[in-house]
Every structure is written in C-alpha cells, then in structure tokens.
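Printed here is protein-v9.cif (mmCIF, C-alpha atoms and all ligand atoms):
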data_entry
#
loop_
_atom_site.label_atom_id
_atom_site.label_comp_id
_atom_site.auth_asym_id
_atom_site.auth_seq_id
_atom_site.Cartn_x
_atom_site.Cartn_y
_atom_site.Cartn_z
CA MET A 1 28.46 13.52 21.09
CA LYS A 2 28.65 10.75 18.46
CA PHE A 3 31.19 8.58 20.27
CA LEU A 4 29.14 8.55 23.48
CA ASP A 5 25.89 7.79 21.67
CA GLY A 6 27.57 4.79 20.02
CA LEU A 7 28.91 3.65 23.38
CA TYR A 8 25.46 3.82 24.97
CA GLU A 9 23.88 1.95 22.09
CA ARG A 10 26.44 -0.86 22.32
CA ALA A 11 26.09 -1.10 26.10
CA SER A 12 22.31 -1.14 26.01
CA LYS A 13 22.31 -4.28 23.87
CA LEU A 14 24.14 -6.20 26.63
CA GLY A 15 21.62 -5.90 29.50
CA LYS A 16 24.40 -5.84 32.13
CA ILE A 17 23.93 -5.10 35.85
CA ILE A 18 26.27 -2.34 37.02
CA ALA A 19 26.51 -1.29 40.68
CA LEU A 20 27.30 2.28 41.72
CA ALA A 21 29.14 2.21 45.05
CA GLU A 22 28.18 5.69 46.23
CA GLY A 23 24.40 5.42 46.03
CA GLU A 24 23.80 8.09 48.65
CA ASP A 25 25.71 10.69 46.61
CA PHE A 26 23.44 12.78 44.37
CA ARG A 27 25.64 12.31 41.29
CA ALA A 28 25.48 8.52 41.51
CA ALA A 29 21.72 8.54 42.14
CA LYS A 30 21.21 10.91 39.19
CA ALA A 31 23.40 8.66 37.02
CA ALA A 32 21.23 5.69 38.07
CA GLU A 33 18.16 7.58 36.89
CA ILE A 34 19.75 8.39 33.50
CA LEU A 35 21.18 4.87 32.98
CA THR A 36 17.81 3.30 33.77
CA LYS A 37 15.75 5.73 31.68
CA LYS A 38 18.07 5.30 28.67
CA LYS A 39 18.20 1.52 29.31
CA ILE A 40 22.02 1.57 29.09
CA CYS A 41 22.28 -1.02 31.87
CA LYS A 42 20.45 -2.22 34.96
CA VAL A 43 21.62 -0.36 38.05
CA VAL A 44 22.22 -1.39 41.64
CA LEU A 45 22.68 1.60 43.95
CA ILE A 46 24.70 0.58 46.99
CA GLY A 47 23.31 2.51 49.95
CA ASP A 48 20.26 2.85 52.14
CA GLU A 49 17.13 3.01 49.94
CA ARG A 50 15.17 5.06 52.49
CA VAL A 51 17.97 7.63 52.82
CA ILE A 52 18.42 7.89 49.03
CA LEU A 53 14.70 8.33 48.33
CA GLU A 54 14.32 10.88 51.14
CA LYS A 55 17.41 12.85 50.11
CA PHE A 56 16.55 13.05 46.41
CA PRO A 57 12.76 13.19 46.04
CA GLU A 58 13.17 14.90 42.66
CA LEU A 59 14.75 11.77 41.11
CA ASP A 60 12.69 9.03 39.50
CA LEU A 61 14.45 5.84 40.60
CA GLU A 62 11.80 3.41 39.40
CA GLY A 63 13.56 0.27 38.13
CA VAL A 64 16.74 0.85 40.18
CA THR A 65 17.71 -1.84 42.73
CA PHE A 66 19.03 -0.79 46.15
CA GLU A 67 21.41 -2.73 48.35
CA ASN A 68 22.34 -1.61 51.82
CA PRO A 69 25.47 -3.51 52.96
CA LYS A 70 24.56 -2.90 56.62
CA THR A 71 21.38 -4.99 56.34
CA ALA A 72 21.64 -6.90 53.03
CA ALA A 73 20.92 -10.63 53.13
CA ASN A 74 24.15 -11.20 51.18
CA SER A 75 26.44 -9.45 53.67
CA ASP A 76 27.06 -12.48 55.93
CA ASN A 77 28.11 -14.60 52.98
CA TYR A 78 30.17 -11.82 51.38
CA ALA A 79 32.05 -11.39 54.67
CA LYS A 80 32.93 -15.11 54.64
CA VAL A 81 34.11 -14.86 51.02
CA LEU A 82 36.26 -11.82 51.83
CA TYR A 83 37.68 -13.58 54.87
CA GLU A 84 38.64 -16.64 52.79
CA LEU A 85 40.29 -14.40 50.17
CA ARG A 86 42.29 -12.34 52.65
CA LYS A 87 42.86 -14.59 55.70
CA GLU A 88 46.41 -15.39 54.61
CA LYS A 89 47.06 -11.65 54.66
CA GLY A 90 45.94 -11.54 58.29
CA MET A 91 42.26 -10.58 57.90
CA THR A 92 39.92 -11.94 60.59
CA LEU A 93 36.27 -12.85 59.97
CA GLU A 94 35.25 -10.00 62.25
CA ALA A 95 37.33 -7.49 60.23
CA ALA A 96 35.94 -8.86 56.96
CA ASP A 97 32.38 -8.51 58.26
CA LYS A 98 33.03 -4.91 59.30
CA LEU A 99 34.62 -4.06 55.94
CA ILE A 100 31.70 -5.55 53.98
CA ARG A 101 29.11 -3.64 56.01
CA THR A 102 30.93 -0.29 56.08
CA ASN A 103 32.89 -0.09 52.81
CA ALA A 104 30.76 -0.15 49.65
CA MET A 105 33.81 -0.78 47.44
CA PHE A 106 34.57 -4.04 49.23
CA TYR A 107 30.86 -5.00 49.28
CA GLY A 108 30.63 -4.29 45.55
CA CYS A 109 33.86 -6.11 44.68
CA VAL A 110 32.70 -9.26 46.47
CA ALA A 111 29.27 -8.99 44.79
CA LEU A 112 31.11 -8.83 41.46
CA LYS A 113 33.37 -11.76 42.34
CA MET A 114 30.24 -13.79 43.24
CA GLY A 115 28.60 -12.95 39.89
CA ASP A 116 25.72 -11.04 41.50
CA ILE A 117 26.57 -7.95 39.42
CA ASP A 118 28.51 -7.53 36.16
CA GLY A 119 30.56 -4.45 37.02
CA LEU A 120 31.22 -1.85 39.70
CA VAL A 121 31.82 1.90 39.56
CA GLY A 122 33.03 4.04 42.48
CA GLY A 123 35.25 7.00 43.15
CA ALA A 124 32.89 10.00 43.26
CA VAL A 125 33.60 9.96 47.00
CA PHE A 126 36.22 7.20 47.47
CA SER A 127 39.81 8.10 46.56
CA SER A 128 41.46 6.39 43.55
CA ALA A 129 43.74 4.51 45.94
CA ASP A 130 40.72 3.16 47.88
CA VAL A 131 38.97 2.05 44.69
CA SER A 132 42.15 0.39 43.38
CA ARG A 133 42.98 -1.33 46.65
CA ALA A 134 39.55 -3.00 46.97
CA ALA A 135 39.73 -4.14 43.32
CA PHE A 136 43.31 -5.43 43.63
CA GLN A 137 42.61 -7.33 46.83
CA VAL A 138 39.32 -8.95 45.79
CA ILE A 139 39.20 -9.07 41.97
CA LYS A 140 42.93 -9.18 41.11
CA ALA A 141 44.60 -9.06 37.70
CA LYS A 142 43.43 -11.14 34.76
CA LYS A 143 45.51 -14.08 33.54
CA GLY A 144 48.66 -13.00 31.76
CA ILE A 145 48.80 -9.58 33.48
CA THR A 146 50.69 -8.91 36.70
CA SER A 147 50.09 -5.19 37.14
CA VAL A 148 46.67 -3.62 36.76
CA SER A 149 46.74 -0.11 35.31
CA SER A 150 44.29 2.44 33.97
CA CYS A 151 43.44 4.41 30.90
CA PHE A 152 41.41 7.42 29.91
CA VAL A 153 39.24 7.34 26.83
CA MET A 154 39.95 10.75 25.32
CA VAL A 155 37.38 12.03 22.84
CA PRO A 156 38.88 14.84 20.74
CA PRO A 157 36.86 17.95 19.88
CA ASP A 158 35.14 18.03 16.47
CA ASP A 159 37.78 20.37 15.01
CA PHE A 160 40.76 18.20 16.07
CA LYS A 161 43.11 18.40 13.10
CA TYR A 162 45.62 15.60 13.63
CA SER A 163 43.44 12.52 13.40
CA ASN A 164 39.95 11.32 12.65
CA ALA A 165 40.12 8.62 15.35
CA PRO A 166 36.79 8.62 17.26
CA ALA A 167 38.73 8.47 20.53
CA PHE A 168 42.24 7.87 21.86
CA ILE A 169 43.40 5.64 24.70
CA PHE A 170 45.82 7.38 27.10
CA SER A 171 47.54 5.04 29.57
CA ASP A 172 48.52 4.80 32.43
CA CYS A 173 47.18 8.02 33.94
CA ALA A 174 46.09 6.90 37.43
CA VAL A 175 47.65 3.79 38.95
CA ILE A 176 51.34 2.84 38.57
CA PRO A 177 53.62 5.74 39.54
CA TYR A 178 56.96 4.62 38.05
CA PRO A 179 56.47 1.47 35.96
CA ASN A 180 59.45 -0.80 35.35
CA PRO A 181 59.76 -2.37 31.86
CA ASN A 182 57.57 -5.37 32.78
CA GLN A 183 54.88 -3.11 34.21
CA LEU A 184 55.08 -0.82 31.18
CA SER A 185 54.67 -3.88 28.97
CA ASP A 186 51.56 -4.86 31.00
CA ILE A 187 50.22 -1.32 30.48
CA VAL A 188 50.67 -1.71 26.70
CA SER A 189 48.90 -5.10 26.65
CA ALA A 190 45.97 -3.75 28.65
CA ALA A 191 45.77 -0.51 26.62
CA TYR A 192 45.67 -2.60 23.43
CA LEU A 193 42.56 -4.42 24.71
CA SER A 194 40.98 -1.15 25.88
CA ALA A 195 41.38 0.31 22.39
CA LYS A 196 39.89 -2.80 20.77
CA ASN A 197 37.03 -3.33 23.19
CA ILE A 198 36.05 0.21 24.14
CA VAL A 199 36.92 2.33 21.09
CA GLU A 200 36.67 -0.51 18.54
CA VAL A 201 39.73 0.61 16.56
CA GLU A 202 42.78 -1.33 15.38
CA PRO A 203 45.35 -0.19 17.98
CA LYS A 204 48.40 1.76 16.82
CA ILE A 205 50.40 2.11 20.01
CA ALA A 206 53.05 4.78 20.61
CA MET A 207 55.28 4.36 23.65
CA LEU A 208 55.96 7.98 24.54
CA SER A 209 59.13 9.62 25.76
CA PHE A 210 61.01 12.89 25.40
CA SER A 211 63.18 11.06 22.87
CA THR A 212 62.36 9.65 19.43
CA LYS A 213 64.30 6.57 18.37
CA GLY A 214 67.41 7.31 20.37
CA SER A 215 67.47 11.09 19.82
CA ALA A 216 68.10 11.56 23.57
CA LYS A 217 69.98 9.41 26.03
CA HIS A 218 68.59 8.87 29.52
CA GLU A 219 67.67 5.92 31.71
CA SER A 220 64.01 6.91 31.37
CA CYS A 221 64.25 6.36 27.56
CA ASP A 222 66.09 3.07 28.19
CA ASN A 223 63.15 1.98 30.37
CA VAL A 224 60.71 2.59 27.51
CA ARG A 225 62.95 0.80 25.00
CA ALA A 226 63.31 -2.20 27.33
CA ALA A 227 59.53 -2.34 27.71
CA LEU A 228 59.09 -2.20 23.92
CA ASP A 229 61.41 -5.21 23.56
CA ILE A 230 59.25 -7.17 26.03
CA VAL A 231 56.05 -6.20 24.23
CA LYS A 232 57.47 -7.23 20.85
CA GLU A 233 58.55 -10.57 22.28
CA LEU A 234 55.14 -11.21 23.89
CA HIS A 235 52.95 -9.76 21.15
CA PRO A 236 54.68 -9.86 17.76
CA ASP A 237 51.28 -9.07 16.21
CA TYR A 238 50.89 -5.67 17.93
CA ASN A 239 51.41 -2.51 15.90
CA VAL A 240 53.52 -0.79 18.57
CA ASP A 241 56.54 1.48 18.36
CA GLY A 242 58.74 3.72 20.45
CA GLU A 243 60.29 5.38 22.08
CA MET A 244 58.80 8.48 20.50
CA GLN A 245 57.76 12.02 21.30
CA LEU A 246 54.11 13.02 21.29
CA ASP A 247 54.35 15.05 18.08
CA ALA A 248 56.07 12.18 16.28
CA ALA A 249 53.26 9.91 17.47
CA ILE A 250 50.27 11.92 16.27
CA VAL A 251 51.41 14.48 13.65
CA GLU A 252 51.96 12.82 10.28
CA SER A 253 54.60 15.24 8.99
CA VAL A 254 56.62 15.06 12.22
CA GLY A 255 56.29 11.27 12.37
CA LYS A 256 57.64 11.00 8.80
CA GLN A 257 60.57 13.21 9.66
CA LYS A 258 61.52 11.72 13.04
CA ALA A 259 60.59 8.05 12.56
CA PRO A 260 60.28 7.48 8.79
CA ASP A 261 60.18 3.67 9.01
CA SER A 262 57.53 3.49 11.72
CA THR A 263 54.04 2.13 11.03
CA VAL A 264 52.78 3.94 14.15
CA ALA A 265 54.41 7.39 13.99
CA GLY A 266 51.97 10.08 12.89
CA GLN A 267 48.99 7.71 13.24
CA ALA A 268 48.95 6.57 16.86
CA ASN A 269 45.56 6.08 18.53
CA VAL A 270 46.95 4.61 21.78
CA LEU A 271 49.41 6.73 23.76
CA VAL A 272 51.36 4.93 26.50
CA PHE A 273 53.12 7.31 28.87
CA PRO A 274 56.49 6.51 30.47
CA ASN A 275 55.24 7.19 34.02
CA LEU A 276 52.29 8.51 36.00
CA ASP A 277 53.59 12.10 36.16
CA ALA A 278 53.54 12.28 32.37
CA GLY A 279 50.27 10.35 32.04
CA ASN A 280 48.30 12.26 34.62
CA ILE A 281 49.57 15.68 33.51
CA GLY A 282 49.24 14.69 29.84
CA TYR A 283 45.57 13.72 29.97
CA LYS A 284 44.69 16.85 31.93
CA LEU A 285 46.52 19.04 29.36
CA ALA A 286 44.57 17.40 26.53
CA GLN A 287 41.36 17.89 28.51
CA ARG A 288 41.87 21.48 29.69
CA PHE A 289 43.95 23.05 26.90
CA GLY A 290 42.92 20.75 24.07
CA GLY A 291 39.19 20.49 24.74
CA CYS A 292 39.11 16.67 24.78
CA MET A 293 36.43 14.88 26.77
CA ALA A 294 38.21 12.62 29.28
CA ILE A 295 36.33 9.48 30.33
CA GLY A 296 37.86 7.55 33.20
CA PRO A 297 40.07 6.52 34.79
CA ILE A 298 39.08 3.15 33.39
CA MET A 299 40.89 0.28 35.10
CA GLN A 300 42.42 -2.22 32.72
CA GLY A 301 43.93 -5.63 33.31
CA LEU A 302 41.52 -6.60 36.12
CA ALA A 303 39.87 -10.03 35.97
CA LEU A 304 36.43 -8.35 36.22
CA PRO A 305 35.47 -4.72 35.61
CA VAL A 306 35.74 -2.20 38.44
CA ASN A 307 36.09 1.44 37.48
CA ASP A 308 37.13 4.61 39.17
CA LEU A 309 35.81 8.18 38.85
CA SER A 310 37.31 11.56 39.41
CA ARG A 311 35.99 13.06 42.67
CA GLY A 312 35.11 16.14 40.61
CA CYS A 313 32.85 14.06 38.36
CA VAL A 314 29.27 14.90 37.37
CA ALA A 315 26.41 12.43 36.81
CA GLU A 316 27.06 12.31 33.04
CA ASP A 317 30.66 11.16 33.70
CA ILE A 318 29.33 8.30 35.82
CA VAL A 319 26.91 7.35 33.04
CA ALA A 320 29.79 7.13 30.53
CA VAL A 321 31.99 5.09 32.88
CA ALA A 322 29.09 2.74 33.70
CA ALA A 323 28.52 2.17 29.96
CA ILE A 324 32.21 1.36 29.48
CA THR A 325 32.06 -0.98 32.48
CA ALA A 326 29.20 -2.84 30.80
CA LEU A 327 31.27 -3.19 27.60
CA GLN A 328 34.29 -4.46 29.56
CA SER A 329 32.15 -7.10 31.25
CA ALA A 330 31.28 -8.51 27.84
CA ASN A 331 34.93 -9.10 26.91
C1 LIG A 401 47.03 1.79 43.61
C2 LIG A 401 47.86 1.87 44.86
C3 LIG A 401 46.99 2.49 45.91
C4 LIG A 401 48.29 0.51 45.37
O1 LIG A 401 48.93 0.79 46.56
P1 LIG A 401 49.73 -0.26 47.39
O2 LIG A 401 50.28 0.46 48.54
O3 LIG A 401 50.61 -1.02 46.47
O4 LIG A 401 48.57 -1.14 47.90
P2 LIG A 401 48.77 -2.29 48.87
O5 LIG A 401 50.19 -2.45 49.26
O6 LIG A 401 47.76 -2.09 49.95
O7 LIG A 401 48.42 -3.49 47.95
C5 LIG A 401 47.21 -4.13 48.02
C6 LIG A 401 47.26 -5.27 47.05
O8 LIG A 401 47.20 -4.74 45.74
C7 LIG A 401 48.22 -5.33 44.93
N1 LIG A 401 48.61 -4.34 43.94
C8 LIG A 401 49.16 -3.13 44.14
N2 LIG A 401 49.32 -2.51 42.95
C9 LIG A 401 48.85 -3.37 41.99
C10 LIG A 401 48.71 -3.30 40.59
N3 LIG A 401 49.09 -2.23 39.89
N4 LIG A 401 48.18 -4.37 39.96
C11 LIG A 401 47.77 -5.45 40.62
N5 LIG A 401 47.86 -5.57 41.95
C12 LIG A 401 48.40 -4.53 42.63
C13 LIG A 401 49.32 -5.64 45.90
O9 LIG A 401 50.14 -6.66 45.36
C14 LIG A 401 48.54 -6.11 47.09
O10 LIG A 401 48.12 -7.42 46.90
P3 LIG A 401 48.05 -8.43 48.13
O11 LIG A 401 47.59 -7.63 49.32
O12 LIG A 401 47.06 -9.46 47.71
O13 LIG A 401 49.43 -8.93 48.31
C15 LIG A 401 49.14 2.70 44.57
O14 LIG A 401 49.81 2.16 43.46
C16 LIG A 401 48.88 4.14 44.35
O15 LIG A 401 48.68 4.88 45.30
N6 LIG A 401 48.91 4.58 43.05
C17 LIG A 401 48.64 5.93 42.71
C18 LIG A 401 47.16 6.11 42.74
C19 LIG A 401 46.84 7.56 42.78
O16 LIG A 401 46.93 8.21 43.79
N7 LIG A 401 46.45 8.08 41.66
C20 LIG A 401 46.10 9.43 41.59
C21 LIG A 401 45.90 9.82 40.19
S1 LIG A 401 44.18 9.66 39.74
#
Starting from the file, lay out its structure as structure tokens.
Amino acid sequence: MKFLDGLYERASKLGKIIALAEGEDFRAAKAAEILTKKKICKVVLIGDERVILEKFPELDLEGVTFENPKTAANSDNYAKVLYELRKEKGMTLEAADKLIRTNAMFYGCVALKMGDIDGLVGGAVFSSADVSRAAFQVIKAKKGITSVSSCFVMVPPDDFKYSNAPAFIFSDCAVIPYPNPNQLSDIVSAAYLSAKNIVEVEPKIAMLSFSTKGSAKHESCDNVRAALDIVKELHPDYNVDGEMQLDAAIVESVGKQKAPDSTVAGQANVLVFPNLDAGNIGYKLAQRFGGCMAIGPIMQGLALPVNDLSRGCVAEDIVAVAAITALQSAN
C-alpha cells in the first residue's frame, strides 16, 4: 500500500528507538523482526529475552534490544522517578517499584520520560484504558492541551470515489467518552497536528454532527457549535467548519448544497466526531463496510509519543503504529 510505504520510508530516515511493551507476545516479537529487517526504527522489546527467544525460535531477532523490567539495571532508578511523579497522588516507593517491575506500560513510559527511548507502543495485550492511564500519569499532555485524545489514520481503498486524500484522520475514536466543548476543541487541535505530521496534508477539519449548520436543534449540536467557537478563537488560521453531517463533509455535491459557503464541506480530510460512541462506531463502519485500513488508535496531545493497539491486532498493525510513533517523536 502506497501510504504505508511512504510512512515507512519517512520513519526509517529518523533512526528512532521505539519500545514494544508486550515483548513476550508473538505479534510484538514478529513486529520487532519486521521493523528491524526493514530498518524502520530500532526496537526495544520489553520482556524476558530468554523467554522470548525460547518461545519464538522461528523469529530472527538479531539487532533487537531486550529489557526485562524485573531485572533491568534501570528499574531502581525508574521506580524512584515514578515515585517522585506520583507521590502527591499517594504512591509509595514500594508501590512504584512493584509497578515498574510488573507493568511494562509504566516501565516503558518512565523510560520514555527519561529519554532512554523515543516512543512506546502497547495494547496488544493491555486494555486501552491501561495504556492511556500509564501515559496520562507519567507522560501527561503537551503544553497548550488539557485533554489527550486519539485518532485513527484511515487509509481509503483504491477505488474510494469521494476524495483522493492519501488518508483521513478520524478523531476521537478511543479516549474521551463525552467531550465538553473545551475537550472537543482540544481534540480538533490535536487532530490538526496528526493530519499535518502523520498524513502530511493541509488539514480541512469537519466537526461532525447529525445536523448541518443549524438544520437540527439539540444540545449535542450546541456542544459542537460551542467547540467550534473555541477553536476559531484559539486557531483563527485553521480551516475548520461545522457542525456538519458526514455526507456534507466529504461529498462535494452534498457539501455545496448543505453548506455552500464552507471551505471545508465536501473536501474534509479530518473528521472530528461529537463523542466516542460516534467516533468508535464510525471508524469501525469505515473499516468493515467501507474497506478502509484503520491504523491506531494513535494517541494525540501527549507530551511524548505513546500509542495504543487494538487487542485484535496483527504484527503488521504494530509495525504501522511503531512507524507513526517514530514520526510523532520527531515533531
Ligand atoms: C482513558 C480513561 C481510562 C481515563 O480514565 P480515568 O478514570 O479518568 O483515569 P484516572 O481517573 O485513573 O486518571 C488518571 C490520570 O489521567 C488523567 N486523565 C484522564 N483522562 C485524561 C485525558 N483525556 N487527557 C489527559 N489526562 C487525562 C487524570 O487527570 C488523572 O491524572 P492525575 O492522576 O495525575 O490526576 C477513560 O477516559 C476511559 O476509560 N476512556 C475510554 C477508553 C476506552 O475504553 N476506550 C475503548 C475504545 S478503544
């Protein structure tokens, strides 16, 4: 797939070190093999080297680094760092030490915070909530963003007839269940950067709803309109519009009819959903009915890159997310 090849080529020029939290899972170990062979990034597999090599003798893991949090030289120091970060929230040094040695997401997040790796990917085994919680507690949001969110990079099939965009950003599909206007505005800001940095397109952002420009009245549409006002105030340079229905956002003829004055309608390449029900269902519809490739969930708005996976992922999905993580670490 052209988009993925371009992504891998861009990532490989950066020489980043990406850790995979679930090193003892076959899919992560296989992804490490592919990433290393294709030189997309350098890989740290978090897990017990002996167990990994014994479990997967068919894999060639030459060039991959292994780190076992139970015995790693860094673990004592990482526990102290975690304790300092979380002591005001009631964490003891003993609890921090236990978390570092038994939870690869926390080990990886502290390694990232300390600059020992450039990015972290987990979620083949960990739940999305576990991945998010470790990232929120250790890495936190970047300056100017209060709420971290997520996006999917959606690569349309070759015969997609509504746009020639190489990929779309769908957001938020995995983190904030019912965003208030400020949170929705944070989602737009982060999705803008995801479109620029990951897809390398000039973002045209549609804030989606079941209403287009006041065609329906409901507090949910008011929420989207209030968020749009905040975005326009904060980022007068963004090409963003709403509230609008999906067809008005991506189908030129419908956009012209429903929102004739909009510079986004009919041409959107970033779709911001009003809540997580819509976002999560929406990306899965595009994936399953529409034949899009869905890469993610990619976390956006974090100070440093940590990314999640679907628990149903395959090694190739991890490869794609690791490449995106490398790109995020360069921005
Ligand atoms: C992500 C999620 C787990 C956070 O849950 P939570 O109960 O708010 O987590 P906690 O209360 O333990 O919060 C932990 C920390 O994260 C912070 N936090 C929570 N959500 C945040 C966000 N969106 N951005 C930044 N920080 C956030 C909290 O402020 C808290 O910080 P602190 O401990 O330093 O004060 C929750 O929003 C969630 O379950 N979302 C849905 C995820 C999901 O199931 N998705 C499935 C679809 S793939």
Task: Counting only C-alpha atoms and all ligand atoms, the option among A:Ser189, A:Ser194, A:Thr65, A:Ser147 closest to ligand LIG 401 (chain A) - done: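 Distance minimum relative to ligand LIG 401 (chain A) lands on A:Ser147.
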TODO: Skip A:Ala326 itself and residues of its chain fewer than 5 positions away, then list as a ChimeraX atom specification all residues within 12 Å of it, counting all atoms listed in the file.
DONE: /A:7-19,35,39-43,117-121,197-198,298,304-307,319-321,331
Open item on the list: Give me, as a PyMOL selection string, the set of residues whose atoms come within 9 Å of any atom of ligand LIG 401 (chain A), counting only C-alpha atoms and all ligand atoms.
Closed with: chain A and resi 85-86+89+127-138+140-141+145-150+173-177+183+276-277+280+297+301-302+308-310
- [ ] Go through A:Ala265, A:Pro274, A:Met244, A:Val51 one by one, measure the shortest atom-to-atom distance of each to A:Glu219 using only C-alpha atoms, and give the residue with the smallest value.
- [x] A:Pro274
Open item on the list: Could you check the closest approach to A:Lys70 for each of A:Ala167, A:Ala104, A:Cys109, A:Met299 and tell me which residue wins, using only C-alpha atoms?
Closed with: A:Ala104
- [ ] Please measure the separation of atom CA of A:Thr36 and atom CA of A:Phe168, giving the value in Å to one decimal.
- [x]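 These atoms are spaced 27.6 Å apart.
Using all atoms listed in the file, the smallest distance between any of A:Gly255, A:Pro166, A:Gly266, A:Gly242 and A:Lys2 comes from A:Pro166.
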Open item on the list: Here is a test: counting all atoms listed in the file, which residue of A:Phe3, A:Tyr107, A:Phe160, A:Tyr78 is nearest to A:Leu45?
Closed with: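 Comparing A:Phe3, A:Tyr107, A:Phe160, A:Tyr78 against A:Leu45, the winner is A:Tyr107.
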How big is the axis-aligned box, and where does its centre sit, when it encloses all atoms of stretch 63-82 of chain A listed in the file and has 8 Å added on every side, reported in Å to one decimal as lines of an AutoDock Vina configuration file?
center_x = 24.9
center_y = -7.1
center_z = 47.4
size_x = 38.7
size_y = 32.0
size_z = 34.5
TODO: Between A:Glu94, A:Leu61, A:His218, A:Gln267, single out the one closest to A:Ala28, counting all atoms listed in the file.
DONE: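 That would be A:Leu61, the residue with the smallest distance to A:Ala28.
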Open item on the list: Taking (27.6, -9.1, 55.4) as a centre in this file's frame and 9 Å as the limit, can you find every polymer residue with an atom that close, using only C-alpha atoms, and give them as a ChimeraX atom specification?
Closed with: /A:69-80,96-101,107
Could you please take those selected residues and save C-alpha atoms as a JSON list (two decimals), in the frame of the given file?
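Result written to again.json:
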[["chain", "number", "residue", "atom", "x", "y", "z"],
["A", 69, "PRO", "CA", 25.47, -3.51, 52.96],
["A", 70, "LYS", "CA", 24.56, -2.90, 56.62],
["A", 71, "THR", "CA", 21.38, -4.99, 56.34],
["A", 72, "ALA", "CA", 21.64, -6.90, 53.03],
["A", 73, "ALA", "CA", 20.92, -10.63, 53.13],
["A", 74, "ASN", "CA", 24.15, -11.20, 51.18],
["A", 75, "SER", "CA", 26.44, -9.45, 53.67],
["A", 76, "ASP", "CA", 27.06, -12.48, 55.93],
["A", 77, "ASN", "CA", 28.11, -14.60, 52.98],
["A", 78, "TYR", "CA", 30.17, -11.82, 51.38],
["A", 79, "ALA", "CA", 32.05, -11.39, 54.67],
["A", 80, "LYS", "CA", 32.93, -15.11, 54.64],
["A", 96, "ALA", "CA", 35.94, -8.86, 56.96],
["A", 97, "ASP", "CA", 32.38, -8.51, 58.26],
["A", 98, "LYS", "CA", 33.03, -4.91, 59.30],
["A", 99, "LEU", "CA", 34.62, -4.06, 55.94],
["A", 100, "ILE", "CA", 31.70, -5.55, 53.98],
["A", 101, "ARG", "CA", 29.11, -3.64, 56.01],
["A", 107, "TYR", "CA", 30.86, -5.00, 49.28]]
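Residues in contact with stretch 286-292 of chain A at up to 12 Å, not including ones fewer than 6 positions away on its chain and judged by only C-alpha atoms, are Met1, Phe152, Val153, Met154, Val155, Pro156, Pro157, Asp158, Asp159, Phe160, Lys161, Tyr162, Pro166, Ala167, Phe168, Ile169, Phe170, Leu246, Ala278, Gly279 and Asn280 of chain A.
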Only C-alpha atoms, please: the residues just picked out, written as an mmCIF file, in the coordinates of the input.
data_model
loop_
_atom_site.group_PDB
_atom_site.id
_atom_site.type_symbol
_atom_site.label_atom_id
_atom_site.label_comp_id
_atom_site.auth_asym_id
_atom_site.auth_seq_id
_atom_site.Cartn_x
_atom_site.Cartn_y
_atom_site.Cartn_z
ATOM 1 C CA MET A 1 28.460 13.520 21.090
ATOM 2 C CA PHE A 152 41.410 7.420 29.910
ATOM 3 C CA VAL A 153 39.240 7.340 26.830
ATOM 4 C CA MET A 154 39.950 10.750 25.320
ATOM 5 C CA VAL A 155 37.380 12.030 22.840
ATOM 6 C CA PRO A 156 38.880 14.840 20.740
ATOM 7 C CA PRO A 157 36.860 17.950 19.880
ATOM 8 C CA ASP A 158 35.140 18.030 16.470
ATOM 9 C CA ASP A 159 37.780 20.370 15.010
ATOM 10 C CA PHE A 160 40.760 18.200 16.070
ATOM 11 C CA LYS A 161 43.110 18.400 13.100
ATOM 12 C CA TYR A 162 45.620 15.600 13.630
ATOM 13 C CA PRO A 166 36.790 8.620 17.260
ATOM 14 C CA ALA A 167 38.730 8.470 20.530
ATOM 15 C CA PHE A 168 42.240 7.870 21.860
ATOM 16 C CA ILE A 169 43.400 5.640 24.700
ATOM 17 C CA PHE A 170 45.820 7.380 27.100
ATOM 18 C CA LEU A 246 54.110 13.020 21.290
ATOM 19 C CA ALA A 278 53.540 12.280 32.370
ATOM 20 C CA GLY A 279 50.270 10.350 32.040
ATOM 21 C CA ASN A 280 48.300 12.260 34.620
#
Task: Distance in Å - atom CA of A:Gly122 versus atom CA of A:Asp186 - done: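 Between these atoms lies a distance of 23.5 Å.
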- [ ] Would you kindly return, as a ChimeraX atom specification, each protein, DNA or RNA residue with an atom no farther than 9 Å from any atom of A:Glu316, considering all atoms listed in the file and excluding same-chain residues fewer than 2 positions away?
- [x] /A:27,30-31,34,313-314,318-321
With C-alpha atoms retained, export the selected residues as a PDB file, in the frame of the given file.
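The result, written out as part_31.pdb:
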ATOM      1  CA  ARG A  27      25.640  12.310  41.290  1.00  0.00           C
ATOM      2  CA  LYS A  30      21.210  10.910  39.190  1.00  0.00           C
ATOM      3  CA  ALA A  31      23.400   8.660  37.020  1.00  0.00           C
ATOM      4  CA  ILE A  34      19.750   8.390  33.500  1.00  0.00           C
ATOM      5  CA  CYS A 313      32.850  14.060  38.360  1.00  0.00           C
ATOM      6  CA  VAL A 314      29.270  14.900  37.370  1.00  0.00           C
ATOM      7  CA  ILE A 318      29.330   8.300  35.820  1.00  0.00           C
ATOM      8  CA  VAL A 319      26.910   7.350  33.040  1.00  0.00           C
ATOM      9  CA  ALA A 320      29.790   7.130  30.530  1.00  0.00           C
ATOM     10  CA  VAL A 321      31.990   5.090  32.880  1.00  0.00           C
TER      11      VAL A 321
END
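Neighbours of A:Ser220 closer than or equal to 9 Å, with all atoms listed in the file counted and sequence neighbours fewer than 3 positions away skipped, come out as Ser209, Phe210, Lys217, Asn223, Val224, Arg225 and Pro274 of chain A.
Excluding A:Asn239 itself and any same-chain residue fewer than 2 positions from it, the protein and nucleic acid residues within 10 Å of it, counting only C-alpha atoms, are Tyr192, Glu202, Pro203, Lys204, Ile205, Ala206, Lys232, His235, Pro236, Asp237, Asp241, Ser262, Thr263, Val264 and Ala268 of chain A.
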Open item on the list: Just to confirm, what's the straight-line distance from atom CA of A:Ala191 to atom CA of A:Leu271 in Å (one decimal)?
Closed with: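 Atom CA of A:Leu271 lies 8.6 Å from atom CA of A:Ala191.
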Can you fill out stretch 106-114 of chain A with N, CA and C atoms and hand it back as a short mmCIF file (atom, residue, chain, number, x, y, z; two decimals), in the frame of the given file?
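Written output follows (result31.cif):
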data_model
loop_
_atom_site.label_atom_id
_atom_site.label_comp_id
_atom_site.auth_asym_id
_atom_site.auth_seq_id
_atom_site.Cartn_x
_atom_site.Cartn_y
_atom_site.Cartn_z
N PHE A 106 34.33 -2.62 48.93
CA PHE A 106 34.57 -4.04 49.23
C PHE A 106 33.28 -4.85 49.03
N TYR A 107 32.14 -4.31 49.49
CA TYR A 107 30.86 -5.00 49.28
C TYR A 107 30.65 -5.24 47.78
N GLY A 108 30.86 -4.19 46.99
CA GLY A 108 30.63 -4.29 45.55
C GLY A 108 31.61 -5.25 44.88
N CYS A 109 32.87 -5.21 45.29
CA CYS A 109 33.86 -6.11 44.68
C CYS A 109 33.52 -7.57 44.96
N VAL A 110 33.06 -7.86 46.18
CA VAL A 110 32.70 -9.26 46.47
C VAL A 110 31.43 -9.63 45.68
N ALA A 111 30.47 -8.72 45.58
CA ALA A 111 29.27 -8.99 44.79
C ALA A 111 29.65 -9.32 43.35
N LEU A 112 30.65 -8.60 42.83
CA LEU A 112 31.11 -8.83 41.46
C LEU A 112 31.79 -10.19 41.35
N LYS A 113 32.65 -10.47 42.32
CA LYS A 113 33.37 -11.76 42.34
C LYS A 113 32.36 -12.92 42.36
N MET A 114 31.25 -12.73 43.09
CA MET A 114 30.24 -13.79 43.24
C MET A 114 29.30 -13.86 42.03
#
